[in-house]
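Structure data (compact mmCIF, C-alpha atoms) from input_18.txt:
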```
# COMPACT_ATOMS: atom_id res chain seq x y z
CA MET A 102 -14.74 24.73 0.12
CA ARG A 103 -12.38 27.11 -1.64
CA GLY A 104 -10.69 25.74 -4.73
CA SER A 105 -12.44 22.35 -4.63
CA ILE A 106 -13.23 20.53 -7.83
CA VAL A 107 -15.21 17.31 -7.96
CA ALA A 108 -14.40 14.79 -10.67
CA ILE A 109 -15.88 11.40 -11.44
CA LEU A 110 -13.39 8.71 -12.33
CA LEU A 111 -14.92 5.83 -14.28
CA CYS A 112 -12.76 2.74 -14.06
CA ALA A 113 -12.59 -0.01 -16.62
CA GLN A 114 -14.73 -2.37 -14.54
CA GLY A 115 -17.60 0.11 -14.50
CA TRP A 116 -17.60 1.44 -10.94
CA ALA A 117 -17.21 5.09 -10.12
CA THR A 118 -15.13 6.83 -7.46
CA GLU A 119 -15.86 10.45 -6.71
CA VAL A 120 -12.61 12.34 -6.20
CA VAL A 121 -12.75 15.61 -4.29
CA TYR A 122 -9.66 17.76 -4.88
CA GLN A 123 -8.95 20.13 -2.01
CA ASP A 124 -6.81 23.24 -2.50
CA LEU A 125 -6.39 22.63 -6.21
CA HIS A 126 -6.01 26.40 -6.53
CA VAL A 127 -2.46 26.14 -5.10
CA LEU A 128 -1.44 24.69 -8.50
CA ASP A 129 -1.29 26.72 -11.70
CA GLY A 130 -3.30 25.74 -14.77
CA LYS A 131 -0.63 23.55 -16.36
CA GLN A 132 0.06 21.78 -13.06
CA GLN A 133 -3.64 21.16 -12.48
CA ALA A 134 -3.98 19.33 -15.78
CA ILE A 135 -0.88 17.20 -15.07
CA VAL A 136 -1.88 16.38 -11.50
CA LYS A 137 -5.49 15.49 -12.31
CA SER A 138 -4.41 13.20 -15.14
CA TRP A 139 -1.82 11.54 -12.88
CA LEU A 140 -4.27 11.06 -9.99
CA ASN A 141 -6.93 9.64 -12.27
CA GLN A 142 -4.46 7.23 -13.82
CA GLY A 143 -3.03 6.23 -10.43
CA LEU A 144 -6.44 5.58 -8.91
CA LYS A 145 -7.54 3.65 -11.99
CA THR A 146 -4.41 1.48 -11.87
CA THR A 147 -4.87 0.87 -8.13
CA GLU A 148 -8.53 -0.08 -8.43
CA GLN A 149 -7.89 -2.30 -11.41
CA THR A 150 -5.36 -4.16 -9.27
CA LEU A 151 -7.00 -4.18 -5.82
CA GLY A 152 -10.65 -3.68 -6.69
CA PRO A 153 -12.92 -0.71 -5.93
CA LEU A 154 -12.42 1.28 -2.76
CA ALA A 155 -15.00 0.69 -0.06
CA GLN A 156 -15.92 4.38 0.09
CA SER A 157 -18.04 6.52 -2.21
CA HIS A 158 -15.58 9.40 -2.60
CA LEU A 159 -11.93 10.22 -2.02
CA PRO A 160 -10.76 13.58 -0.60
CA VAL A 161 -7.35 14.58 -1.98
CA LYS A 162 -5.40 17.44 -0.37
CA LEU A 163 -2.56 18.93 -2.40
CA GLN A 164 0.48 21.02 -1.54
CA ASN A 165 3.08 22.56 -3.84
CA VAL A 166 6.79 22.05 -3.12
CA TYR A 167 9.37 24.16 -4.95
CA LEU A 168 12.63 22.71 -3.65
CA SER A 169 12.65 18.94 -3.93
CA SER A 170 14.70 16.26 -5.65
CA GLU A 171 11.65 13.94 -5.70
CA PRO A 172 8.41 14.26 -7.68
CA VAL A 173 6.33 13.55 -4.55
CA PRO A 174 8.50 14.19 -1.49
CA TRP A 175 5.73 13.47 1.04
CA GLY A 176 2.36 11.76 1.25
CA ALA A 177 0.00 10.62 3.97
CA VAL A 178 -3.44 9.18 4.62
CA ASN A 179 -5.89 11.45 6.45
CA ARG A 180 -8.11 9.17 8.52
CA SER A 181 -11.55 10.63 9.12
CA GLU A 182 -15.21 9.79 8.63
CA VAL A 183 -14.18 9.45 4.97
CA ASP A 184 -10.50 8.58 4.55
CA GLY A 185 -8.48 10.76 2.20
CA ILE A 186 -4.90 11.31 1.10
CA GLU A 187 -2.52 14.26 1.19
CA LEU A 188 0.25 14.72 -1.36
CA HIS A 189 3.08 17.24 -1.54
CA ILE A 190 4.05 17.61 -5.20
CA SER A 191 7.15 19.09 -6.78
CA TYR A 192 6.26 22.14 -8.87
CA PHE A 193 8.65 20.96 -11.60
CA ALA A 194 7.54 17.30 -11.76
CA THR A 195 6.46 16.02 -15.17
CA GLN A 196 3.51 13.68 -15.60
CA GLN A 197 5.80 10.73 -16.35
CA GLN A 198 7.88 11.43 -13.25
CA LEU A 199 4.71 11.45 -11.16
CA ILE A 200 3.44 8.19 -12.69
CA SER A 201 6.78 6.51 -11.98
CA ASP A 202 6.82 7.66 -8.34
CA TRP A 203 5.61 5.17 -5.71
CA THR A 204 4.02 7.57 -3.21
CA LEU A 205 0.50 7.77 -4.66
CA TYR A 206 0.21 3.99 -4.95
CA HIS A 207 1.44 3.59 -1.37
CA GLU A 208 -1.08 6.02 0.11
CA LEU A 209 -3.97 4.61 -1.92
CA ALA A 210 -3.03 1.10 -0.76
CA HIS A 211 -3.49 2.23 2.86
CA LEU A 212 -7.17 2.83 2.13
CA TYR A 213 -7.68 -0.91 1.68
CA HIS A 214 -7.06 -1.63 5.38
CA PRO A 215 -8.40 -0.02 8.56
CA LEU A 216 -6.34 2.21 10.84
CA LEU A 217 -4.21 -0.04 13.06
CA ASP A 218 -2.81 0.65 16.51
CA TYR A 219 0.79 1.88 16.90
CA PRO A 220 2.37 -1.51 17.83
CA ASP A 221 0.91 -2.89 14.59
CA PHE A 222 2.08 -0.11 12.29
CA TRP A 223 4.57 -2.62 10.85
CA LEU A 224 1.55 -4.41 9.38
CA ALA A 225 -0.02 -1.26 7.95
CA GLU A 226 3.18 0.10 6.42
CA GLY A 227 4.30 -3.32 5.29
CA LEU A 228 1.04 -3.95 3.49
CA ALA A 229 1.14 -0.58 1.70
CA THR A 230 4.83 -1.06 0.81
CA TYR A 231 4.20 -4.50 -0.68
CA LEU A 232 1.03 -3.40 -2.49
CA GLN A 233 2.60 -0.27 -4.00
CA ASN A 234 5.01 -2.57 -5.85
CA ILE A 235 2.25 -4.99 -6.84
CA ILE A 236 0.16 -2.09 -8.20
CA MET A 237 3.10 -0.72 -10.17
CA LEU A 238 3.88 -4.20 -11.53
CA HIS A 239 0.29 -4.88 -12.57
CA GLY A 240 -0.03 -1.42 -14.07
CA GLY A 241 3.10 -1.79 -16.20
CA VAL A 242 4.89 1.02 -14.35
CA ILE A 243 7.70 -1.40 -13.47
CA THR A 244 8.81 -4.73 -14.94
CA THR A 245 9.10 -8.04 -13.07
CA ASP A 246 12.87 -7.57 -12.86
CA GLU A 247 12.42 -4.08 -11.43
CA TYR A 248 9.85 -5.44 -8.97
CA VAL A 249 12.33 -8.02 -7.71
CA GLN A 250 15.14 -5.44 -7.55
CA ARG A 251 13.03 -2.99 -5.55
CA ILE A 252 11.80 -5.61 -3.10
CA MET A 253 15.26 -7.10 -2.55
CA ALA A 254 16.80 -3.65 -2.03
CA GLY A 255 14.08 -2.79 0.47
CA LEU A 256 14.52 -6.05 2.36
CA GLU A 257 18.24 -5.34 2.61
CA ARG A 258 17.51 -1.90 4.09
CA GLY A 259 15.17 -3.58 6.56
CA ARG A 260 17.86 -6.08 7.53
CA LEU A 261 20.38 -3.32 8.17
CA GLY A 262 17.73 -1.34 10.06
CA THR A 263 17.15 -4.29 12.38
CA TRP A 264 20.76 -4.08 13.55
CA GLU A 265 20.29 -0.37 14.24
CA THR A 266 16.97 -0.71 16.10
CA PRO A 267 17.00 -3.96 18.10
CA GLY A 268 14.07 -5.26 20.11
CA PRO A 269 10.70 -6.95 19.48
CA LEU A 270 9.11 -5.70 16.27
CA ALA A 271 5.87 -4.52 17.93
CA ARG A 272 7.78 -2.41 20.47
CA VAL A 273 10.02 -0.88 17.82
CA SER A 274 6.97 -0.20 15.63
CA GLU A 275 5.22 1.65 18.46
CA ASP A 276 8.21 3.99 18.78
CA MET A 277 9.14 4.05 15.09
CA TRP A 278 9.41 7.83 14.67
CA ARG A 279 11.66 8.49 17.66
CA LEU A 280 13.84 5.50 16.84
CA ARG A 281 13.86 6.32 13.13
CA ALA A 282 13.12 2.67 12.54
CA HIS A 283 11.15 3.14 9.33
CA ALA A 284 13.27 0.72 7.26
CA ARG A 285 12.88 -2.13 9.73
CA VAL A 286 9.18 -1.50 10.34
CA TYR A 287 8.14 -1.06 6.71
CA TRP A 288 10.13 -3.95 5.30
CA SER A 289 9.45 -6.42 8.11
CA GLY A 290 5.78 -5.86 7.33
CA ALA A 291 6.36 -6.27 3.59
CA ALA A 292 8.17 -9.57 4.27
CA PHE A 293 5.18 -10.70 6.36
CA PHE A 294 2.79 -10.23 3.47
CA ILE A 295 5.13 -11.81 0.93
CA GLU A 296 5.39 -14.86 3.19
CA ALA A 297 1.60 -14.89 3.58
CA ASP A 298 1.14 -14.66 -0.19
CA LEU A 299 3.48 -17.58 -0.81
CA ALA A 300 1.67 -19.64 1.85
CA LEU A 301 -1.65 -18.85 0.18
CA ARG A 302 -0.24 -20.07 -3.13
CA GLN A 303 0.78 -23.38 -1.56
CA LYS A 304 -2.73 -23.80 -0.16
CA ASP A 305 -4.52 -22.87 -3.37
CA PRO A 306 -2.87 -21.49 -6.55
CA ALA A 307 -5.93 -19.28 -7.13
CA LEU A 308 -5.57 -17.54 -3.77
CA THR A 309 -3.64 -14.27 -3.46
CA LEU A 310 -3.53 -11.43 -0.97
CA VAL A 311 -5.06 -9.21 -3.66
CA SER A 312 -8.01 -11.56 -4.19
CA LEU A 313 -8.65 -11.59 -0.43
CA LEU A 314 -8.44 -7.80 -0.16
CA LYS A 315 -11.02 -7.42 -2.94
CA ARG A 316 -13.45 -9.61 -1.01
CA TYR A 317 -12.56 -7.86 2.25
CA GLN A 318 -13.62 -4.48 0.79
CA THR A 319 -17.07 -5.90 0.11
CA CYS A 320 -17.69 -7.86 3.29
CA CYS A 321 -15.81 -6.14 6.05
CA ARG A 322 -13.93 -2.91 5.38
CA THR A 323 -16.61 -0.39 6.32
CA GLN A 324 -17.40 -2.13 9.64
CA ALA A 325 -13.77 -2.71 10.67
CA PRO A 326 -12.68 -1.34 14.08
CA ALA A 327 -10.20 1.50 13.55
CA GLY A 328 -7.20 2.34 15.70
CA GLN A 329 -8.10 -0.11 18.47
CA PRO A 330 -5.68 -2.54 20.18
CA ASP A 331 -7.43 -5.45 18.45
CA SER A 332 -7.82 -3.82 15.00
CA ALA A 333 -4.97 -5.84 13.49
CA LYS A 334 -6.20 -9.14 14.92
CA VAL A 335 -9.70 -8.49 13.57
CA PHE A 336 -8.32 -7.52 10.15
CA LEU A 337 -6.08 -10.58 9.88
CA GLY A 338 -8.83 -12.79 11.28
CA GLN A 339 -11.07 -11.70 8.42
CA LEU A 340 -8.36 -12.55 5.89
CA ASP A 341 -8.02 -15.96 7.54
CA ARG A 342 -11.77 -16.48 7.32
CA LEU A 343 -11.85 -15.49 3.65
CA SER A 344 -8.94 -17.82 2.86
CA ARG A 345 -10.23 -20.60 5.12
CA SER A 346 -6.88 -20.77 6.82
CA SER A 347 -4.94 -19.53 9.83
CA ILE A 348 -2.01 -18.27 7.74
CA PHE A 349 -2.24 -14.61 8.74
CA SER A 350 -2.91 -15.10 12.44
CA ASN A 351 -0.12 -17.65 12.84
CA LEU A 352 2.39 -15.42 11.06
CA TYR A 353 1.26 -12.41 13.08
CA HIS A 354 1.98 -14.08 16.42
CA SER A 355 5.50 -15.00 15.33
CA TYR A 356 6.32 -11.71 13.61
CA LYS A 357 5.24 -9.23 16.27
CA LEU A 358 7.74 -10.64 18.78
CA ARG A 359 10.62 -11.34 16.46
CA GLN A 360 13.89 -9.54 16.94
CA ASP A 361 15.57 -10.74 13.76
CA PHE A 362 14.80 -9.79 10.19
CA PRO A 363 13.00 -12.30 7.93
CA ARG A 364 15.04 -14.10 5.28
CA LEU A 365 13.50 -14.18 1.81
CA SER A 366 15.35 -15.37 -1.26
CA LYS A 367 15.30 -13.61 -4.62
CA GLN A 368 13.53 -16.67 -6.01
CA ALA A 369 10.75 -16.33 -3.43
CA VAL A 370 10.34 -12.63 -4.18
CA ARG A 371 10.20 -13.27 -7.92
CA LEU A 372 7.66 -16.04 -7.33
CA SER A 373 5.44 -13.66 -5.38
CA GLY A 374 5.35 -11.24 -8.30
CA LEU A 375 4.83 -13.95 -10.92
CA HIS A 376 2.08 -15.52 -8.79
CA MET A 377 0.26 -12.20 -8.63
CA MET A 378 0.60 -11.64 -12.37
CA SER A 379 -0.57 -15.18 -13.15
CA ALA A 380 -3.59 -14.83 -10.89
CA ARG A 381 -4.38 -11.44 -12.45
CA HIS A 382 -4.19 -12.93 -15.96
CA SER A 383 -6.55 -15.78 -14.96
CA GLU A 384 -9.00 -13.27 -13.49
CA LEU A 385 -9.03 -11.21 -16.68
CA LEU A 386 -9.70 -14.33 -18.74
CA ARG A 387 -12.66 -15.20 -16.50
CA GLN A 388 -14.10 -11.70 -17.02
CA LYS A 389 -14.11 -12.07 -20.81
```
Please, can you express the file's structure as structure tokens?
Amino acid sequence: MRGSIVAILLCAQGWATEVVYQDLHVLDGKQQAIVKSWLNQGLKTTEQTLGPLAQSHLPVKLQNVYLSSEPVPWGAVNRSEVDGIELHISYFATQQQLISDWTLYHELAHLYHPLLDYPDFWLAEGLATYLQNIIMLHGGVITTDEYVQRIMAGLERGRLGTWETPGPLARVSEDMWRLRAHARVYWSGAAFFIEADLALRQKDPALTLVSLLKRYQTCCRTQAPAGQPDSAKVFLGQLDRLSRSSIFSNLYHSYKLRQDFPRLSKQAVRLSGLHMMSARHSELLRQK
């Protein structure tokens, strides 16, 4: 295809992900160098945190944006036979501004779960929202204090959004775009996974959502049903099986019908980040 460049990214653990850049020709030479370095670093940081993607290559579609106050004003996952991502990038963004932006980490995080049906988009967006912050924390892009600040600010937006878009979460999620209910949908889902993570910790200090997702990529990701009414139940059922619990399924049945916004303390949010960092440190020690 026109303007495509194939690059091999070798991650620290030794696996390789083939990245296929589409429409790289829309960027000038200086931009190309900045964007490729940023994408390589972002993918490396993501895979070091969540494990290798369960696909042999990653299509990346790029678009230049000249008038934007954000480094990456828009991103999306392109679901296909091989899932890819699309990123709209500010022409004037520096490499550091791109690294500090959350969009790439969010879209890459979506590749770790299958496509879910519209009533369960709160799960998909919540997972990616939670994981983008975990990736940035693990990668040293943000500190623990910044992690807590970002999560608490997001949860507050979700709480306010719940007043603006009342109704059962699954129904609001299904009509998220028309209702402009993004804050409620995204952050209700993030709260779900924070609660699940804390419950995993109580069951077994070595268990985390990240550790389960790594195993899920190996056992189940490529065979997962995509975009079906039961896709979310199958996905969460696999996480329950891997954790030998019913944590995810039980939370799912209560969350999808809830009309209020979850209450999470700053202490609980901080604990979720520290738990992830502690588990990551223990894993690195085991690898030595």
*To one decimal place, how far is CA of His214 (chain A) from CA of Gln142 (chain A) in Å?*
21.3 Å
_Please list as a PyMOL selection string every residue within 10 Å of Tyr317 (chain A), counting only C-alpha atoms and excluding residues in the same chain fewer than 5 positions away._
chain A and resi 155+213-214+311-312+322-323+325+336+339-340+343
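Relative to CA of Ile235 (chain A), CA of Tyr248 (chain A) is found at 7.9 Å.
Comparing A:Leu228, A:Ala292, A:Ala327, A:Ala297 by their smallest distance to Met253 (chain A), the closest is A:Ala292 (using only C-alpha atoms).
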Can I get the residues of region 152-256 of chain A within 8 Å of region 281-288 of chain A, each with the closest pair of atoms and their distance in Å to one decimal, using only C-alpha atoms, sorted chain first then ascending number, as a tab-separated table?
```
residue	atom	partner	partner_atom	distance
A:Phe222	CA	A:Val286	CA	7.5
A:Trp223	CA	A:Val286	CA	4.8
A:Leu224	CA	A:Tyr287	CA	7.9
A:Glu226	CA	A:Tyr287	CA	5.1
A:Gly227	CA	A:Tyr287	CA	4.7
A:Thr230	CA	A:Tyr287	CA	6.8
A:Gly255	CA	A:Trp288	CA	6.3
A:Leu256	CA	A:Trp288	CA	5.7
```
Write the residues of the selection above to a file with C-alpha atoms, as a tab-separated table (two decimals), keeping the file's coordinate frame.
```tsv
chain	number	residue	atom	x	y	z
A	222	PHE	CA	2.08	-0.11	12.29
A	223	TRP	CA	4.57	-2.62	10.85
A	224	LEU	CA	1.55	-4.41	9.38
A	226	GLU	CA	3.18	0.10	6.42
A	227	GLY	CA	4.30	-3.32	5.29
A	230	THR	CA	4.83	-1.06	0.81
A	255	GLY	CA	14.08	-2.79	0.47
A	256	LEU	CA	14.52	-6.05	2.36
```
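We find CA of Gln149 (chain A) and CA of Ala229 (chain A) to be spaced 16.0 Å apart.
If only C-alpha atoms are the atoms counted, then among A:Leu217, A:Ile348, A:Val161, A:Leu140 the closest residue to Val335 (chain A) is A:Leu217.
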